[in-house]
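Novice: Structure file target.txt (compact mmCIF, C-alpha atoms) right here:
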# COMPACT_ATOMS: atom_id res chain seq x y z
CA THR A 1 56.24 -43.06 35.65
CA THR A 2 55.66 -46.75 36.08
CA THR A 3 59.41 -47.45 36.27
CA GLY A 4 59.82 -44.82 38.98
CA GLN A 5 56.92 -46.30 40.94
CA ALA A 6 58.41 -49.78 40.62
CA GLU A 7 61.76 -48.52 41.89
CA ASN A 8 60.09 -46.73 44.78
CA PHE A 9 58.18 -49.90 45.68
CA LYS A 10 61.39 -51.95 45.45
CA ARG A 11 63.14 -49.53 47.84
CA ILE A 12 60.23 -49.73 50.27
CA LEU A 13 60.25 -53.53 50.24
CA LEU A 14 64.00 -53.64 50.77
CA THR A 15 63.70 -51.41 53.84
CA LEU A 16 61.08 -53.80 55.20
CA ASN A 17 63.85 -56.36 55.67
CA ASP A 18 65.82 -53.90 57.79
CA ASP A 19 63.16 -52.36 59.97
CA VAL A 20 59.36 -52.43 59.74
CA ARG A 21 59.28 -49.07 61.55
CA VAL A 22 60.56 -47.43 58.35
CA ILE A 23 57.51 -48.78 56.50
CA LEU A 24 55.17 -47.55 59.22
CA ILE A 25 56.70 -44.08 59.03
CA LYS A 26 56.35 -44.07 55.23
CA LEU A 27 52.71 -45.14 55.53
CA ALA A 28 52.02 -42.44 58.14
CA ASP A 29 53.69 -39.86 55.90
CA ARG A 30 51.63 -41.01 52.92
CA LEU A 31 48.42 -40.86 54.94
CA HIS A 32 49.31 -37.28 55.93
CA ASN A 33 49.97 -36.45 52.26
CA MET A 34 46.58 -37.89 51.32
CA ARG A 35 44.84 -35.93 54.06
CA THR A 36 46.41 -32.68 52.84
CA ILE A 37 46.24 -33.42 49.09
CA GLU A 38 43.77 -30.57 48.44
CA SER A 39 46.52 -27.98 48.83
CA MET A 40 48.89 -29.57 46.28
CA PRO A 41 49.36 -28.72 42.60
CA GLN A 42 47.55 -31.08 40.21
CA LEU A 43 50.74 -32.77 38.92
CA LYS A 44 51.83 -33.65 42.45
CA LYS A 45 48.27 -34.79 43.31
CA ASP A 46 48.26 -37.17 40.35
CA LYS A 47 51.64 -38.63 41.34
CA ILE A 48 50.61 -39.11 44.98
CA LEU A 49 47.23 -40.63 44.06
CA SER A 50 48.86 -43.08 41.65
CA GLU A 51 51.59 -44.14 44.08
CA THR A 52 49.07 -44.46 46.87
CA MET A 53 46.79 -46.74 44.86
CA TYR A 54 49.52 -49.00 43.47
CA ILE A 55 52.03 -49.05 46.32
CA PHE A 56 50.82 -47.78 49.67
CA ILE A 57 47.25 -49.12 49.77
CA PRO A 58 48.35 -52.71 48.97
CA LEU A 59 51.18 -52.34 51.50
CA ALA A 60 48.79 -51.18 54.24
CA HIS A 61 46.49 -54.08 53.37
CA ARG A 62 49.35 -56.57 53.52
CA LEU A 63 50.39 -55.27 56.95
CA GLY A 64 46.81 -55.49 58.25
CA LEU A 65 46.45 -51.72 58.66
CA TYR A 66 42.88 -51.70 57.41
CA SER A 67 41.76 -48.33 58.78
CA ILE A 68 44.72 -46.63 57.06
CA LYS A 69 44.02 -48.59 53.88
CA SER A 70 40.33 -47.62 53.92
CA GLU A 71 41.03 -43.96 54.58
CA MET A 72 43.54 -43.78 51.72
CA GLU A 73 41.11 -45.60 49.38
CA ASN A 74 38.31 -43.19 50.19
CA ILE A 75 40.51 -40.14 49.69
CA TRP A 76 41.72 -41.66 46.41
CA LEU A 77 38.12 -42.08 45.22
CA MET A 78 37.11 -38.61 46.42
CA GLN A 79 40.04 -37.04 44.52
CA SER A 80 39.96 -39.27 41.43
CA MET A 81 36.19 -39.48 40.91
CA PRO A 82 34.51 -36.77 42.98
CA ASN A 83 31.07 -37.16 41.38
CA GLU A 84 30.94 -40.90 42.02
CA TYR A 85 32.23 -40.39 45.56
CA GLU A 86 29.58 -37.76 46.36
CA GLU A 87 26.79 -39.88 44.85
CA ILE A 88 27.82 -42.94 46.89
CA GLN A 89 28.17 -40.85 50.08
CA SER A 90 24.69 -39.46 49.50
CA GLN A 91 23.25 -42.94 48.94
CA ILE A 92 24.99 -44.27 52.07
CA ALA A 93 23.57 -41.43 54.19
CA LYS A 94 20.08 -42.05 52.81
CA THR A 95 20.30 -45.80 53.43
CA VAL A 96 21.67 -45.36 56.97
CA ALA A 97 18.83 -42.94 57.74
CA GLU A 98 16.30 -45.46 56.40
CA ARG A 99 17.78 -48.66 57.84
CA GLY A 100 20.11 -47.64 60.66
CA CYS A 101 17.68 -48.54 63.44
CA ALA A 102 16.90 -51.84 61.72
CA ILE A 103 20.51 -52.93 62.26
CA ASP A 104 20.17 -52.36 66.01
CA GLN A 105 16.92 -54.35 65.96
CA PHE A 106 18.73 -57.08 63.99
CA ILE A 107 21.55 -57.26 66.55
CA GLU A 108 19.38 -57.42 69.69
CA PRO A 109 18.12 -61.04 69.31
CA ILE A 110 21.68 -62.17 68.54
CA SER A 111 22.97 -60.45 71.67
CA GLU A 112 20.23 -62.06 73.73
CA SER A 113 21.04 -65.56 72.38
CA LEU A 114 24.73 -65.10 73.13
CA ARG A 115 24.01 -63.81 76.65
CA GLN A 116 21.71 -66.77 77.35
CA ASP A 117 24.51 -69.09 76.23
CA ASN A 118 26.95 -67.37 78.64
CA ILE A 119 29.25 -66.19 75.87
CA GLU A 120 31.42 -63.14 76.58
CA PHE A 121 31.21 -60.99 73.47
CA THR A 122 31.08 -57.58 71.86
CA ILE A 123 29.13 -56.77 68.73
CA SER A 124 30.05 -53.92 66.43
CA LYS A 125 28.42 -52.69 63.26
CA ARG A 126 29.83 -50.83 60.34
CA THR A 127 28.86 -49.47 56.95
CA LYS A 128 30.81 -50.42 53.85
CA THR A 129 33.17 -47.65 52.76
CA PRO A 130 32.46 -45.52 49.68
CA TYR A 131 35.52 -46.96 47.94
CA SER A 132 34.54 -50.59 48.58
CA ILE A 133 31.00 -49.88 47.36
CA TRP A 134 32.33 -48.16 44.24
CA ARG A 135 34.71 -51.06 43.57
CA LYS A 136 31.91 -53.62 43.92
CA MET A 137 29.67 -51.57 41.63
CA VAL A 138 32.42 -51.42 38.99
CA GLU A 139 33.55 -55.06 39.28
CA LYS A 140 30.04 -56.49 39.22
CA ASN A 141 28.58 -53.79 36.97
CA ILE A 142 25.69 -53.17 39.36
CA PRO A 143 23.94 -50.05 40.69
CA PHE A 144 24.16 -48.95 44.32
CA ASP A 145 20.83 -50.54 45.26
CA GLN A 146 22.19 -53.99 44.34
CA VAL A 147 25.06 -53.78 46.84
CA TYR A 148 23.50 -56.00 49.48
CA ASP A 149 26.33 -56.07 52.02
CA LEU A 150 26.22 -52.36 52.79
CA PHE A 151 26.11 -53.11 56.52
CA ALA A 152 28.23 -55.59 58.44
CA VAL A 153 28.01 -56.91 61.96
CA ARG A 154 31.09 -58.28 63.73
CA ILE A 155 30.96 -60.51 66.79
CA VAL A 156 34.14 -60.81 68.84
CA PHE A 157 33.97 -63.36 71.64
CA GLU A 158 36.17 -64.54 74.47
CA PRO A 159 36.99 -68.19 73.64
CA LYS A 160 36.43 -70.81 76.31
CA GLU A 161 39.46 -72.94 77.10
CA ASN A 162 37.77 -76.32 76.92
CA GLN A 163 36.93 -76.36 73.20
CA PRO A 164 38.57 -75.38 69.93
CA GLU A 165 37.86 -71.81 68.86
CA ARG A 166 36.61 -72.94 65.45
CA VAL A 167 33.95 -75.13 67.11
CA GLN A 168 32.87 -72.16 69.22
CA CYS A 169 32.59 -70.00 66.07
CA TRP A 170 30.31 -72.55 64.45
CA HIS A 171 28.27 -72.74 67.66
CA ILE A 172 27.76 -68.96 67.59
CA TYR A 173 26.82 -69.23 63.92
CA SER A 174 24.23 -71.88 64.84
CA LEU A 175 22.76 -69.58 67.49
CA ILE A 176 22.40 -66.84 64.88
CA THR A 177 20.74 -69.19 62.38
CA GLU A 178 18.17 -70.16 65.01
CA THR A 179 16.93 -66.57 64.70
CA TYR A 180 17.78 -65.72 61.08
CA LEU A 181 17.80 -67.78 57.90
CA SER A 182 21.24 -68.53 56.55
CA LYS A 183 22.13 -67.58 53.00
CA THR A 184 24.44 -70.52 52.39
CA ASP A 185 25.63 -69.34 48.98
CA ARG A 186 27.11 -66.24 50.65
CA ILE A 187 29.04 -67.95 53.49
CA ARG A 188 32.80 -67.47 53.58
CA ASP A 189 34.53 -69.68 56.12
What would the structure in this file look like if it were written as structure tokens?
Specialist:
Amino acid sequence: TTTGQAENFKRILLTLNDDVRVILIKLADRLHNMRTIESMPQLKKDKILSETMYIFIPLAHRLGLYSIKSEMENIWLMQSMPNEYEEIQSQIAKTVAERGCAIDQFIEPISESLRQDNIEFTISKRTKTPYSIWRKMVEKNIPFDQVYDLFAVRIVFEPKENQPERVQCWHIYSLITETYLSKTDRIRD
């Protein structure tokens, strides 16, 4: 019930004041429950899925535990909407097969520019999760092929001591825009 979920959430938040380790244990336990949800009776599955979506996923997000959050979201989608999950997974696999090498080719000139500028960095790439794609499709009422941020590239650099980090970020951005056109309406600072 909603009242029971609210009480559970209230208890969890109150324990946060005492010891954050209690919250971490509860999140680990919930992640384990989600990973083993297949073996549970339907009534228990429904309860766990609901609590996870409304309590534990926002809590993991708030604590910055994004890999736990993403895994729970994807399991939630797989259990709650298996057809949509499978369709999105299939589309992701197809797109990665078609464009996966293009991402590496996209990254190479950026890496070269950063190396030439003597910036210490690492670049990682990732694919949007099935849940985040599904959510975008629902919120924007668009099909899969209109989700344009399916891939993401992250640059982590070692800041130099003699200038503010923000200035260095904008400098790296300027190096990237020397190679690729900027889509200014999509920038989030």
Novice: So, counting all atoms listed in the file, which residue among A:Ile23, A:Ile92, A:Met40, A:Ala152 is closest to Trp134 in chain A?
Specialist: A:Ile92
Novice: Using only C-alpha atoms, find the one residue out of A:Glu73, A:Asp145, A:Asp19, A:Glu178 that sits nearest to Ser132 in chain A.
Specialist: A:Glu73
Novice: Taking only C-alpha atoms into account, which of A:Pro58, A:Tyr131, A:Lys136, A:Ile107 comes nearest Tyr85 in chain A?
Specialist: A:Tyr131
Novice: Between A:Phe144, A:Tyr54, A:Phe157, A:Tyr180, which has the minimum distance to Leu114 in chain A (counting all atoms listed in the file)?
Specialist: A:Phe157
Novice: Rounded to one decimal, what separation in Å do you get between CA of Leu49 in chain A and CA of Lys94 in chain A?
Specialist: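 Here the two named atoms are 28.6 Å from each other.
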Novice: Please, what distance in Å, to one decimal, runs between CA of Ile57 in chain A and CA of Met34 in chain A?
Specialist: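 Atom-to-atom, CA of Ile57 in chain A and CA of Met34 in chain A are spaced 11.4 Å apart.
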Novice: What is the CA of Leu31 in chain A-CA of Asn83 in chain A distance in Å, reported with one decimal?
Specialist: 22.3 Å
Novice: Any idea what's packed within 10 Å of Gln146 in chain A, counting only C-alpha atoms, ignoring anything in its chain fewer than 4 positions away? Could you give it as a PDB file with C-alpha atoms, keeping the file's coordinate frame?
Specialist:
ATOM      1  CA  LYS A 136      31.910 -53.620  43.920  1.00  0.00           C
ATOM      2  CA  MET A 137      29.670 -51.570  41.630  1.00  0.00           C
ATOM      3  CA  LYS A 140      30.040 -56.490  39.220  1.00  0.00           C
ATOM      4  CA  ASN A 141      28.580 -53.790  36.970  1.00  0.00           C
ATOM      5  CA  ILE A 142      25.690 -53.170  39.360  1.00  0.00           C
ATOM      6  CA  LEU A 150      26.220 -52.360  52.790  1.00  0.00           C
TER       7      LEU A 150
END
Novice: Measuring between all atoms listed in the file, which one of A:Ala28, A:Ile123, A:Ala102, A:Val96 shows the shortest distance to Lys69 in chain A?
Specialist: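 Checking each of A:Ala28, A:Ile123, A:Ala102, A:Val96 against Lys69 in chain A, counting all atoms listed in the file, the winner is A:Ala28.
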